[in-house]
file query33.cif (mmCIF, C-alpha atoms)
data_data
loop_
_atom_site.label_atom_id
_atom_site.label_comp_id
_atom_site.auth_asym_id
_atom_site.auth_seq_id
_atom_site.Cartn_x
_atom_site.Cartn_y
_atom_site.Cartn_z
CA MET D 1037 -32.16 38.86 -12.31
CA ALA D 1038 -30.18 38.44 -9.09
CA PHE D 1039 -30.44 34.66 -9.42
CA SER D 1040 -29.04 34.66 -12.94
CA SER D 1041 -26.07 36.85 -11.99
CA ALA D 1042 -25.30 34.61 -8.97
CA PHE D 1043 -25.62 31.55 -11.17
CA ARG D 1044 -23.28 33.13 -13.75
CA ARG D 1045 -20.70 33.88 -11.00
CA VAL D 1046 -20.77 30.25 -9.88
CA LEU D 1047 -20.29 29.01 -13.44
CA ASN D 1048 -17.45 31.46 -14.10
CA GLY D 1049 -15.75 30.55 -10.84
CA SER D 1050 -15.85 34.04 -9.33
CA SER D 1051 -17.93 33.03 -6.31
CA SER D 1052 -15.54 32.52 -3.38
CA ILE D 1053 -18.20 30.74 -1.33
CA ILE D 1054 -18.54 27.85 -3.75
CA THR D 1055 -15.09 27.42 -5.28
CA SER D 1056 -12.68 27.97 -2.38
CA PRO D 1057 -13.45 24.74 -0.47
CA PHE D 1058 -13.24 22.67 -3.64
CA ALA D 1059 -10.14 24.43 -4.86
CA SER D 1060 -8.30 23.74 -1.61
CA ILE D 1061 -9.26 20.05 -1.78
CA ARG D 1062 -8.44 19.76 -5.46
CA PHE D 1063 -5.01 21.37 -5.33
CA SER D 1064 -3.83 20.15 -1.93
CA SER D 1065 -1.56 17.15 -1.79
CA THR D 1066 -2.78 14.10 0.08
CA LEU D 1067 0.76 12.87 0.53
CA THR D 1068 2.41 13.43 3.89
CA ALA D 1069 5.64 11.61 3.01
CA PRO D 1070 7.53 11.05 -0.26
CA LYS D 1071 6.94 7.28 -0.11
CA LEU D 1072 4.47 5.54 -2.46
CA PHE D 1073 2.84 2.10 -2.33
CA ILE D 1074 2.57 0.39 -5.73
CA SER D 1075 0.13 -2.53 -6.05
CA GLY D 1076 -0.91 -4.77 -8.91
CA LEU D 1077 2.65 -5.50 -10.06
CA ASN D 1078 3.49 -8.27 -12.45
CA ARG D 1079 5.31 -11.08 -10.60
CA ASN D 1080 8.27 -10.65 -12.98
CA THR D 1081 8.77 -6.93 -12.29
CA THR D 1082 12.21 -6.27 -10.81
CA ASP D 1083 13.63 -3.39 -8.78
CA GLU D 1084 15.41 -2.15 -11.91
CA LYS D 1085 12.23 -2.15 -14.07
CA LEU D 1086 10.40 -0.32 -11.29
CA ARG D 1087 13.19 2.25 -11.05
CA GLU D 1088 13.14 2.81 -14.84
CA ALA D 1089 9.37 3.36 -14.82
CA PHE D 1090 9.35 5.86 -11.93
CA ALA D 1091 12.64 7.71 -12.64
CA PRO D 1092 11.18 10.30 -15.07
CA PHE D 1093 9.12 11.89 -12.27
CA GLY D 1094 12.01 12.93 -10.02
CA GLN D 1095 15.00 11.87 -7.96
CA LEU D 1096 14.42 8.35 -6.65
CA VAL D 1097 15.81 7.46 -3.25
CA GLU D 1098 14.60 3.84 -3.33
CA ALA D 1099 12.54 1.52 -5.52
CA LYS D 1100 11.94 -1.84 -3.86
CA VAL D 1101 9.78 -4.76 -5.00
CA ILE D 1102 8.71 -6.82 -1.98
CA MET D 1103 9.73 -10.45 -2.27
CA ASP D 1104 8.38 -13.57 -0.55
CA ARG D 1105 11.06 -15.01 1.74
CA ALA D 1106 10.22 -18.64 1.05
CA THR D 1107 9.82 -18.59 -2.74
CA GLN D 1108 11.98 -15.53 -3.58
CA ARG D 1109 9.21 -14.35 -5.93
CA SER D 1110 7.52 -10.96 -5.99
CA LYS D 1111 4.48 -10.52 -3.77
CA GLY D 1112 2.95 -8.15 -6.36
CA PHE D 1113 3.57 -4.87 -4.58
CA ALA D 1114 6.42 -2.41 -4.05
CA PHE D 1115 7.48 0.84 -2.42
CA VAL D 1116 9.02 3.83 -4.19
CA THR D 1117 10.58 6.72 -2.27
CA TYR D 1118 11.36 10.12 -3.79
CA ALA D 1119 13.51 12.99 -2.53
CA SER D 1120 10.48 15.29 -2.16
CA ILE D 1121 6.73 15.08 -1.72
CA GLU D 1122 6.17 17.10 -4.92
CA GLU D 1123 8.04 14.50 -7.00
CA ALA D 1124 6.07 11.72 -5.35
CA GLU D 1125 2.81 13.50 -6.15
CA LYS D 1126 3.83 13.85 -9.82
CA ALA D 1127 4.67 10.15 -9.95
CA ARG D 1128 1.39 9.24 -8.33
CA GLU D 1129 -0.59 11.25 -10.87
CA GLY D 1130 1.53 10.01 -13.79
CA MET D 1131 1.67 6.30 -13.00
CA ASN D 1132 -1.64 5.49 -11.27
CA ALA D 1133 -3.74 3.06 -13.35
CA LYS D 1134 -0.99 2.72 -16.00
CA PHE D 1135 0.51 -0.42 -17.51
CA LEU D 1136 3.84 -1.76 -16.25
CA ASP D 1137 5.08 -5.08 -17.63
CA GLY D 1138 1.62 -5.73 -19.07
CA TRP D 1139 -0.29 -5.24 -15.79
CA VAL D 1140 -2.25 -2.24 -14.55
CA ILE D 1141 -0.60 -0.82 -11.43
CA PHE D 1142 -2.08 1.40 -8.73
CA VAL D 1143 -0.11 4.06 -6.89
CA ASP D 1144 -1.19 5.19 -3.43
CA PRO D 1145 0.44 6.97 -0.49
CA ALA D 1146 2.38 4.55 1.70
CA LYS D 1147 1.05 4.16 5.21
CA PRO D 1148 3.50 4.16 8.11
CA LYS D 1149 4.45 0.74 9.41
CA GLU D 1150 2.46 -0.12 12.51
CA TYR D 1151 4.18 -1.52 15.55
CA ARG D 1152 3.19 -5.10 16.30
CA PRO D 1153 4.46 -6.57 19.54
CA PRO D 1154 6.23 -9.91 19.25
CA PRO D 1155 4.08 -12.96 19.93
CA PRO D 1156 4.26 -14.42 23.43
CA PRO D 1157 6.58 -17.40 23.88
CA PRO D 1158 4.88 -20.79 23.52
CA GLN D 1159 3.66 -22.30 26.77
CA PRO D 1160 4.39 -25.99 27.44
CA GLU D 1161 1.24 -28.01 27.00
CA SER D 1162 0.14 -30.04 29.96
CA GLN D 1163 -0.66 -33.58 28.97
CA GLN D 1164 -2.90 -35.67 31.14
CA SER D 1165 -2.32 -39.38 31.47
CA SER D 1166 -5.24 -41.78 31.81
CA ASP D 1167 -5.38 -45.13 33.57
CA PHE D 1168 -4.96 -46.91 30.23
CA GLY D 1169 -1.55 -45.38 29.35
CA PHE D 1170 -2.87 -42.83 26.84
CA LYS D 1171 -2.06 -39.14 26.93
CA THR D 1172 -4.52 -36.52 25.78
CA ASN D 1173 -3.25 -34.03 23.26
CA LYS D 1174 -5.14 -30.79 22.57
CA THR D 1175 -4.39 -30.82 18.85
CA ILE D 1176 -5.10 -34.47 18.06
CA GLY D 1177 -7.29 -35.56 20.93
CA TRP D 1178 -5.24 -38.53 22.07
CA CYS D 1179 -2.15 -40.42 21.12
CA GLY D 1180 -0.71 -43.83 22.01
CA ASN D 1181 2.00 -44.21 24.61
#
call {"tool": "encode", "arguments": {"input": "query33.cif", "output": "structure tokens"}}
result
Amino acid sequence: MAFSSAFRRVLNGSSSIITSPFASIRFSSTLTAPKLFISGLNRNTTDEKLREAFAPFGQLVEAKVIMDRATQRSKGFAFVTYASIEEAEKAREGMNAKFLDGWVIFVDPAKPKEYRPPPPPPQPESQQSSDFGFKTNKTIGWCGN
């Protein structure tokens, strides 16, 4: 009898031992900033199309498709920033795994940009000369003089 009443409490959601940890995970936001990372974009998606798709969820601060510097074409991902975390969470729930310009997009929290130190300056290569007038080169092996 005690087992059936405990089982009934779990099913009805009245047991605080079982439901409280799951409820806090389920209803807590995983976003720590109002910036979202959008992947899986069509290469023809523009900043304006992205803005139109994400505008219904709240006040947009920025909607930026990332472009390749050399080709000036989309890299297939973008960042969208909202005025608040709540608006970003609504957009994440509303747009994740949805179609935009014929492609399925995925919406995730944006990670902060990591600092990468600049590369060290190139060191001059020392070339060794042989008795025959040839110089050794590390990339090719040897080259004529």
call {"tool": "closest_residue", "arguments": {"input": "query33.cif", "among": "D:Pro1148, D:Pro1153, D:Arg1079, D:Arg1087", "to": "D:Asp1104", "atoms": "all atoms listed in the file"}}
result
D:Arg1079
call {"tool": "atom_distance", "arguments": {"input": "query33.cif", "atom1": "atom CA of D:Gln1095", "atom2": "atom CA of D:Tyr1151"}}
result
29.1 Å
call {"tool": "atom_distance", "arguments": {"input": "query33.cif", "atom1": "atom CA of D:Leu1077", "atom2": "atom CA of D:Arg1152"}}
result
26.4 Å
call {"tool": "residues_around", "arguments": {"input": "query33.cif", "residues": "D:Leu1072", "least_positions_apart": "2", "cutoff": "10 Å", "atoms": "all atoms listed in the file", "output": "list of chain:residue names"}}
result
D:Leu1067, D:Ala1069, D:Pro1070, D:Ile1074, D:Ser1075, D:Ala1099, D:Ala1114, D:Phe1115, D:Val1116, D:Thr1117, D:Tyr1118, D:Ile1121, D:Ala1124, D:Glu1125, D:Ala1127, D:Arg1128, D:Phe1142, D:Val1143, D:Asp1144, D:Pro1145, D:Ala1146, D:Lys1147
call {"tool": "residues_near_point", "arguments": {"input": "query33.cif", "point": "(-0.3, -4.9, -13.8)", "cutoff": "6 Å", "atoms": "only C-alpha atoms", "output": "PyMOL selection string"}}
result
chain D and resi 1076-1078+1135-1136+1138-1141
call {"tool": "closest_residue", "arguments": {"input": "query33.cif", "among": "D:Gln1108, D:Ser1120, D:Asn1080, D:Thr1068", "to": "D:Phe1093", "atoms": "all atoms listed in the file"}}
result
D:Ser1120
call {"tool": "closest_residue", "arguments": {"input": "query33.cif", "among": "D:Arg1105, D:Pro1092, D:Leu1086, D:Ala1119", "to": "D:Phe1073", "atoms": "only C-alpha atoms"}}
result
D:Leu1086
call {"tool": "atom_distance", "arguments": {"input": "query33.cif", "atom1": "atom CA of D:Ala1133", "atom2": "atom CA of D:Lys1149"}}
result
24.3 Å
call {"tool": "residues_around", "arguments": {"input": "query33.cif", "residues": "D:Thr1082", "least_positions_apart": "5", "cutoff": "9 Å", "atoms": "all atoms listed in the file", "output": "list of chain:residue names"}}
result
D:Arg1087, D:Lys1100, D:Val1101, D:Ser1110
call {"tool": "closest_residue", "arguments": {"input": "query33.cif", "among": "D:Pro1157, D:Phe1090, D:Asp1083, D:Thr1066", "to": "D:Asn1132", "atoms": "all atoms listed in the file"}}
result
D:Phe1090
call {"tool": "closest_residue", "arguments": {"input": "query33.cif", "among": "D:Gly1094, D:Glu1150, D:Pro1156, D:Ala1089", "to": "D:Glu1122", "atoms": "all atoms listed in the file"}}
result
D:Gly1094
call {"tool": "build_atoms", "arguments": {"input": "query33.cif", "residues": "stretch 1107-1124 of chain D", "atoms": "N, CA and C atoms", "output": "PDB file, keeping the file's coordinate frame"}}
result
ATOM      1  N   THR D1107       9.728 -18.270  -1.309  1.00  0.00           N
ATOM      2  CA  THR D1107       9.820 -18.590  -2.740  1.00  0.00           C
ATOM      3  C   THR D1107      10.742 -17.664  -3.518  1.00  0.00           C
ATOM      4  N   GLN D1108      11.148 -16.542  -2.916  1.00  0.00           N
ATOM      5  CA  GLN D1108      11.980 -15.530  -3.580  1.00  0.00           C
ATOM      6  C   GLN D1108      11.308 -14.975  -4.839  1.00  0.00           C
ATOM      7  N   ARG D1109       9.969 -14.950  -4.837  1.00  0.00           N
ATOM      8  CA  ARG D1109       9.210 -14.350  -5.930  1.00  0.00           C
ATOM      9  C   ARG D1109       8.526 -13.087  -5.422  1.00  0.00           C
ATOM     10  N   SER D1110       8.190 -12.213  -6.345  1.00  0.00           N
ATOM     11  CA  SER D1110       7.520 -10.960  -5.990  1.00  0.00           C
ATOM     12  C   SER D1110       6.164 -11.233  -5.367  1.00  0.00           C
ATOM     13  N   LYS D1111       5.809 -10.420  -4.377  1.00  0.00           N
ATOM     14  CA  LYS D1111       4.480 -10.520  -3.770  1.00  0.00           C
ATOM     15  C   LYS D1111       3.451  -9.692  -4.529  1.00  0.00           C
ATOM     16  N   GLY D1112       3.888  -8.928  -5.541  1.00  0.00           N
ATOM     17  CA  GLY D1112       2.950  -8.150  -6.360  1.00  0.00           C
ATOM     18  C   GLY D1112       2.787  -6.718  -5.909  1.00  0.00           C
ATOM     19  N   PHE D1113       3.627  -6.272  -4.974  1.00  0.00           N
ATOM     20  CA  PHE D1113       3.570  -4.870  -4.580  1.00  0.00           C
ATOM     21  C   PHE D1113       4.979  -4.360  -4.292  1.00  0.00           C
ATOM     22  N   ALA D1114       5.101  -3.021  -4.223  1.00  0.00           N
ATOM     23  CA  ALA D1114       6.420  -2.410  -4.050  1.00  0.00           C
ATOM     24  C   ALA D1114       6.272  -1.064  -3.364  1.00  0.00           C
ATOM     25  N   PHE D1115       7.421  -0.504  -2.986  1.00  0.00           N
ATOM     26  CA  PHE D1115       7.480   0.840  -2.420  1.00  0.00           C
ATOM     27  C   PHE D1115       8.490   1.658  -3.212  1.00  0.00           C
ATOM     28  N   VAL D1116       8.129   2.909  -3.485  1.00  0.00           N
ATOM     29  CA  VAL D1116       9.020   3.830  -4.190  1.00  0.00           C
ATOM     30  C   VAL D1116       9.126   5.087  -3.329  1.00  0.00           C
ATOM     31  N   THR D1117      10.356   5.530  -3.084  1.00  0.00           N
ATOM     32  CA  THR D1117      10.580   6.720  -2.270  1.00  0.00           C
ATOM     33  C   THR D1117      11.297   7.773  -3.105  1.00  0.00           C
ATOM     34  N   TYR D1118      10.773   8.994  -3.072  1.00  0.00           N
ATOM     35  CA  TYR D1118      11.360  10.120  -3.790  1.00  0.00           C
ATOM     36  C   TYR D1118      12.055  11.060  -2.812  1.00  0.00           C
ATOM     37  N   ALA D1119      12.817  12.002  -3.354  1.00  0.00           N
ATOM     38  CA  ALA D1119      13.510  12.990  -2.530  1.00  0.00           C
ATOM     39  C   ALA D1119      12.551  14.029  -1.972  1.00  0.00           C
ATOM     40  N   SER D1120      11.428  14.288  -2.649  1.00  0.00           N
ATOM     41  CA  SER D1120      10.480  15.290  -2.160  1.00  0.00           C
ATOM     42  C   SER D1120       9.046  14.804  -2.360  1.00  0.00           C
ATOM     43  N   ILE D1121       8.148  15.425  -1.614  1.00  0.00           N
ATOM     44  CA  ILE D1121       6.730  15.080  -1.720  1.00  0.00           C
ATOM     45  C   ILE D1121       6.167  15.504  -3.072  1.00  0.00           C
ATOM     46  N   GLU D1122       6.652  16.622  -3.621  1.00  0.00           N
ATOM     47  CA  GLU D1122       6.170  17.100  -4.920  1.00  0.00           C
ATOM     48  C   GLU D1122       6.480  16.086  -6.028  1.00  0.00           C
ATOM     49  N   GLU D1123       7.680  15.513  -6.005  1.00  0.00           N
ATOM     50  CA  GLU D1123       8.040  14.500  -7.000  1.00  0.00           C
ATOM     51  C   GLU D1123       7.180  13.256  -6.834  1.00  0.00           C
ATOM     52  N   ALA D1124       6.922  12.885  -5.604  1.00  0.00           N
ATOM     53  CA  ALA D1124       6.070  11.720  -5.350  1.00  0.00           C
ATOM     54  C   ALA D1124       4.651  11.965  -5.850  1.00  0.00           C
TER      55      ALA D1124
END
